[in-house]
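Colleague: Dropping the structure in here first, questions after.
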Amino acid sequence: MTPRRFILLGLICGLLAGLLFVPGLSGSFILDDGSNIVDNPGVHLQELSIPAIQGVILSPQPGGLSRIMPTLTFALDYWRGGGEPGAFKATNIIIHVVTVCGLALFLHLLLLAAGAHDSVARLVALLVALAWAVHPLQVSSVLYVVQRMQTLATLFLVLAMWCYLRGRLAQVQGESGRRSFLVSFMLWLLALGCKEDAVLLPVYCLLMELTVMQFRSASPVFSRRLRNCYLMAAAAGLLFYALVVVPHYWEWGNYPGRDFSSYERLLTQARILVMHLGQIVVPLPASMPFYYDWVVPSQGVLQPVTTLPSVLLIVALLGAAWGLRLRRPLFAFGILLFFASHFVTSNVLNLELAFEHRNHLGLVGVVLAMADMLMALARRLRITPAVELGLCGLLLALMASATAMRAHDWGSRLGLALASSELAPHSARAWNSLCLTYYAMGGGKLTDNPRLDDAIDACGKGAEAAPYSLTSFTNLVVFKSARGDIGGQDWSNYLERLRSVSMGPENRQSLWIIVNNVRAGVRLDEDGLFEALNIFQKRLPLGSGELTALGYFVLGHTGQPDRALSYFLLAMQVAAPSDLLAAETIVEMRLQGRDDWADKLEDVLRQRAVNMHSLATEGR
């Protein structure tokens with residue numbers, strides 16, 4: 001088989017896999033798509049010109065310059081599609097198709113390096129790449145637009161590993177391989193421009209050396225030098241991790257905005273990784289709810305009891321991979337690749353506990369390891385090649401069917417919300433998504449909204465099912481107030497939860513849900529409103545800008561404007577002496593004829609300046 005024909009077959013496999021995701025093109029933007037695309041003027045490219053593209057590159061982005069490659073593609077999608085989600089999702093599918101072809105090339109070379117016959121290597125590479133492509137866990141990575149950051153990084157990483165392997169095999173043949181290494185390095189830079197965890201490419205290359213390549217070379221001297229180079233690089237990496245990364249990110253108490261510490265996060269990740277392994281090995285859509293905010297952090301090795309078994313299973317898998325690295329290098333590489341790909345996201349960084357897209361590259365490793373085990377089992381049982389192919393075809397068909405079903409759910413906002421709330425009944429995000437979807441389907445207005453009852457029903461179920469969350473409960477209070485049937489018990493229950501829940505990022509947003517809806521005309525019971533505002537103010541580390549915003553809100557949108565002064569005073573107590581907003585607030589109060597307020601605010605600001613100067617003097 002010629003290389004061109006193999007590439008063509010890889011593209012055909014990619015296209016077949018890509019068709020499974022087409023039902024999801026009609027879906028909407030979700031979650032972080034808003035901040036990165038919908039509400040991000042930096043990617044709203046109006047014309048295809050060098051100055052306009054420079055404007056995209058130089059504009060501030062949520063992901064910063066470290067994710068400039070996907071940002072540029074978002075801008076191009078906006079230019080050609082006018083902000084329609086389908087245009088962005090179509091690009092994601094194209095990236096998936098190309099990645100399948102690149103993955104087939106890499107796997108073919110990897111199998112050859114492991115000693116497989118060329119014809120076997122080509123067939124197995126295509127089948128493994130196709131299995132990776134049609135796995136239902138891929139749906140959220142491909143159809144959740146903003147995860148292009150991950151999928152594009154995977155594409156460049158796979159191509160970089162392929163080029164690295166080409167260079168190493170050239171060295172085994174006594175050639176230099178420099179051109180392949182240079183291309184691999186350039187592809188790595190592109191991957192780093194997509195997502196930060198692409199920094200792990202040297203680790204993936206080391207794993208190839210430890211398993212498949214075993215530091216082979218035509219020159220024994222070069223092999224020894226290569227081992228030493230990797231040994232020094234690994235030692236330097238471990239020292240950097242231990243002396244810089246861990247001290248910088250470690251939190252003995254809870255992370256800011258989280259309800260878990262670094263220790264608890266690491267313990268929980270054992271359960272999360274085992275959960276993902278189960279999703280990959282047994283690819284049932286029912287086990288893939290997309291939302292994982294319901295996961296309870298592990299507080300000890302037996303809290304919950306599944307924590308310790310998860311840790312032991314991971315240790316056993318890593319031990320098996322290490323012990324079999326010479327006899328079954330493909331299995332070993334696959335297992336080690338899976339865990340290595342999670343090293344950044346399952347570590348001490350202040351990240352959410354679980355997201356499906358974090359398996360995008362690691363899924364390659366598990367599928368490869370499973371393929372190697374199945375091939376060994378087939379040889380032991382003396383299964384004929386025809387039967388092997390038939391069984392592979394059946395497994396691929398089952399996975400493809402599951403992926404098509406899941407992609408269909410992603411084809412509408414309501415379909416995704418209904419499926420998520422069913423599969424993750426304790427997910428606050430799932431229920432709140434369903435609540436807001438009904439609200440949007442009714443026109444997005446609280447007056448005469450025909451789906452308001454459905455929205456209230458979903459919010460009520462969400463408030464009951466997710467006692468750790470405020471979002472559904474807050475919307476329930478707002479929507480029932482708009483409908484006119486909210487009772488005192490509703491407010492009491494809401495305020496009781498507000499006093500007790502962890503104030504993470506999503507619960508913090510509940511404050512502004514209330515504020516924005518009152519500004520939009522929703523009439524809330526003012527006793528309940530002010531009690532809620534007081535609780536938020538006591539429980540949240542609000543800055544001067546937020547406190548000032550609350551002051552203006554109370555001043556202009558409630559029946560008790562005099563209560564705004566307390567928020568303005570608090571804002572002055574935390575403002576810097578040169579804070580322009582503080583100065584503007586004082587001027588505004590004088591313009592409104594509230595000179596007594598302005599005098600009090602000036603006194604507080606002046607006293608704060610004196611206190612800060614005294615502290616600075618003592619510090620010298």
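Labels used: A, B, ... for chains in the order of the structure tokens, numbers from 1 for residues in each chain, and numbers from 1 for ligands as shown.
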Considering only C-alpha atoms, give me a table of residues in segment 284-371 of chain A that are at most 8 Å from segment 239-250 of chain A, with the closest atom pair and distance in Å for each, as a Markdown table.
Modeller:
| residue | atom | partner | partner_atom | distance |
| --- | --- | --- | --- | --- |
| A:Val348 | CA | A:Trp250 | CA | 6.1 |
| A:Leu349 | CA | A:Tyr249 | CA | 5.9 |
| A:Asn350 | CA | A:Tyr249 | CA | 7.4 |
Colleague: For Arg67 of chain A, which residue out of A:Arg327, A:Lys195, A:His135, A:His108 is the nearest one, using only C-alpha atoms?
Modeller: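 So, comparing all the options, the nearest one is A:Lys195.
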Colleague: Which residues are near Gly24 of chain A? Cut-off 8 Å, only C-alpha atoms, ignore same chain within fewer than 2 positions. Put them as a ChimeraX atom specification.
Modeller: /A:21-22,26-27,89,143,407-412
Colleague: If you count only C-alpha atoms, which residues fall within 10 Å of segment 535-548 of chain A, apart from same-chain ones fewer than 5 positions away, as a PyMOL selection string?
Modeller: chain A and resi 257+495+498-500+502-504+507-508+510-512+530+553-554+564-576+579+581-582+585
Colleague: With only C-alpha atoms as the counted atoms, please give the residues lying no more than 6 Å from segment 180-189 of chain A, apart from itself and same-chain residues fewer than 2 positions off, as a ChimeraX atom specification.
Modeller: /A:156,160,163-164,167,177-178,191-192
Colleague: Atom CA of Ala116 of chain A and atom CA of Ala170 of chain A are how many Å apart?
Modeller: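 Taking atom CA of Ala116 of chain A and atom CA of Ala170 of chain A, their separation equals 17.2 Å.
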Colleague: Which one of A:Ser119, A:Thr447, A:Ser469, A:Gln560 sits closest to Val522 of chain A if you count only C-alpha atoms?
Modeller: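 The shortest atom-to-atom distance to Val522 of chain A comes from A:Thr447.
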Colleague: What is the distance between atom CA of Ala371 of chain A and atom CA of Ile93 of chain A, in Å to one decimal?
Modeller: 24.8 Å
Colleague: Env of Met373 of chain A: 12 Å cut, atoms = only C-alpha atoms, seq-sep filter 6 positions within chain, self excluded. Answer as a list in words.
Modeller: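 Result of the neighbour search: Leu324, Arg328, Pro329, Leu330, Phe331, Ala332, Gly334, Ile335, Val366, Val367, Arg379 and Arg380 of chain A.
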Colleague: For Leu152 of chain A, list every protein, DNA or RNA residue within 9 Å, evaluated using only C-alpha atoms, and leave out those in the same chain fewer than 5 positions away; present the list as an NGL selection string.
Modeller: :A and (69-70 or 92 or 95-96 or 99 or 147 or 157 or 191 or 194-195)
Colleague: Write the selection just made, keeping all heavy atoms, as a compact mmCIF listing (two decimals), in the first residue's frame?
Modeller:
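Once everything was written out, this is again30.txt:
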# COMPACT_ATOMS: atom_id res chain seq x y z
N MET A 69 -3.84 30.25 18.88
CA MET A 69 -4.21 29.51 17.68
C MET A 69 -5.73 29.27 17.59
O MET A 69 -6.36 29.61 16.59
CB MET A 69 -3.45 28.18 17.61
CG MET A 69 -1.95 28.35 17.40
SD MET A 69 -1.56 29.23 15.87
CE MET A 69 -2.22 28.08 14.66
N PRO A 70 -6.36 28.69 18.62
CA PRO A 70 -7.82 28.54 18.54
C PRO A 70 -8.54 29.88 18.49
O PRO A 70 -9.59 29.99 17.85
CB PRO A 70 -8.18 27.74 19.79
CG PRO A 70 -7.00 27.84 20.68
CD PRO A 70 -5.82 28.03 19.81
N ASN A 92 -14.85 22.42 14.09
CA ASN A 92 -14.42 21.40 15.06
C ASN A 92 -14.46 20.00 14.45
O ASN A 92 -13.57 19.18 14.69
CB ASN A 92 -15.33 21.46 16.29
CG ASN A 92 -14.94 22.58 17.25
OD1 ASN A 92 -14.26 23.52 16.87
ND2 ASN A 92 -15.39 22.47 18.48
N ILE A 95 -11.49 19.56 12.13
CA ILE A 95 -10.28 19.29 12.91
C ILE A 95 -10.26 17.84 13.36
O ILE A 95 -9.22 17.17 13.34
CB ILE A 95 -10.21 20.25 14.13
CG1 ILE A 95 -9.99 21.70 13.65
CG2 ILE A 95 -9.11 19.83 15.10
CD1 ILE A 95 -10.13 22.73 14.75
N HIS A 96 -11.40 17.32 13.76
CA HIS A 96 -11.50 15.92 14.19
C HIS A 96 -11.14 14.99 13.04
O HIS A 96 -10.40 14.01 13.23
CB HIS A 96 -12.92 15.65 14.69
CG HIS A 96 -13.06 14.35 15.42
ND1 HIS A 96 -12.38 14.06 16.57
CD2 HIS A 96 -13.83 13.25 15.15
CE1 HIS A 96 -12.71 12.85 17.00
NE2 HIS A 96 -13.58 12.33 16.13
N THR A 99 -7.42 15.08 12.42
CA THR A 99 -6.71 14.42 13.52
C THR A 99 -6.74 12.91 13.36
O THR A 99 -5.74 12.22 13.67
CB THR A 99 -7.31 14.82 14.88
OG1 THR A 99 -7.32 16.24 15.00
CG2 THR A 99 -6.51 14.23 16.03
N GLN A 147 -13.86 23.86 23.25
CA GLN A 147 -12.87 22.80 23.45
C GLN A 147 -12.00 22.57 22.23
O GLN A 147 -11.17 21.65 22.21
CB GLN A 147 -13.55 21.50 23.90
CG GLN A 147 -14.20 21.60 25.26
CD GLN A 147 -13.32 22.27 26.30
OE1 GLN A 147 -12.10 22.16 26.26
NE2 GLN A 147 -13.94 23.02 27.21
N LEU A 157 -0.09 17.87 18.67
CA LEU A 157 0.71 16.95 19.47
C LEU A 157 0.88 15.61 18.77
O LEU A 157 1.97 15.02 18.78
CB LEU A 157 0.07 16.75 20.84
CG LEU A 157 0.21 17.92 21.83
CD1 LEU A 157 -0.63 17.67 23.07
CD2 LEU A 157 1.67 18.14 22.22
N ALA A 191 1.15 23.64 19.20
CA ALA A 191 0.32 23.02 20.24
C ALA A 191 0.32 23.87 21.50
O ALA A 191 -0.72 24.04 22.16
CB ALA A 191 0.83 21.61 20.56
N CYS A 194 -2.13 26.52 21.65
CA CYS A 194 -3.54 26.09 21.77
C CYS A 194 -3.94 25.88 23.22
O CYS A 194 -5.00 26.33 23.65
CB CYS A 194 -3.76 24.80 20.99
SG CYS A 194 -3.50 24.94 19.22
N LYS A 195 -3.09 25.18 23.97
CA LYS A 195 -3.41 24.91 25.37
C LYS A 195 -2.13 24.60 26.13
O LYS A 195 -1.20 24.00 25.60
CB LYS A 195 -4.40 23.75 25.50
CG LYS A 195 -5.18 23.79 26.79
CD LYS A 195 -6.40 22.91 26.76
CE LYS A 195 -7.22 23.14 28.04
NZ LYS A 195 -8.34 22.20 28.12
Colleague: Between A:Leu226, A:Leu165, A:Leu210, A:Ile280, which residue has the minimum interatomic distance to Gly323 of chain A, considering only C-alpha atoms?
Modeller: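 Looking only at the distances to Gly323 of chain A, the closest residue turns out to be A:Leu210.
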Colleague: Which residue, A:Thr384, A:Arg325, A:Ala482, A:Gly14, has the smallest gap to Asn449 of chain A when you use only C-alpha atoms?
Modeller: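 Once distances to Asn449 of chain A are computed over only C-alpha atoms, the minimum belongs to A:Ala482.
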Colleague: Considering only C-alpha atoms, can you say which of A:Gly528, A:Gly390, A:Pro3, A:Gly300 comes closest to Val477 of chain A?
Modeller: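 Looking at the shortest contact to Val477 of chain A, the residue is A:Gly528.
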Colleague: Among segment 363-610 of chain A, which residues does DSSP mark as helix (DSSP H, G or I) when it is run on the backbone? Keep the chain and numbering as in the structure and answer as an MDAnalysis selection string.
Modeller: chainID A and resid 363:381 385:409 413:423 428:441 452:465 471:483 488:500 505:519 526:539 544:557 561:574 580:591 595:610
Colleague: Please report the interatomic distance between atom CA of Ala466 of chain A and atom CA of Ser427 of chain A in Å with one decimal.
Modeller: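 Answer for the atom CA of Ala466 of chain A to atom CA of Ser427 of chain A separation: 6.2 Å.
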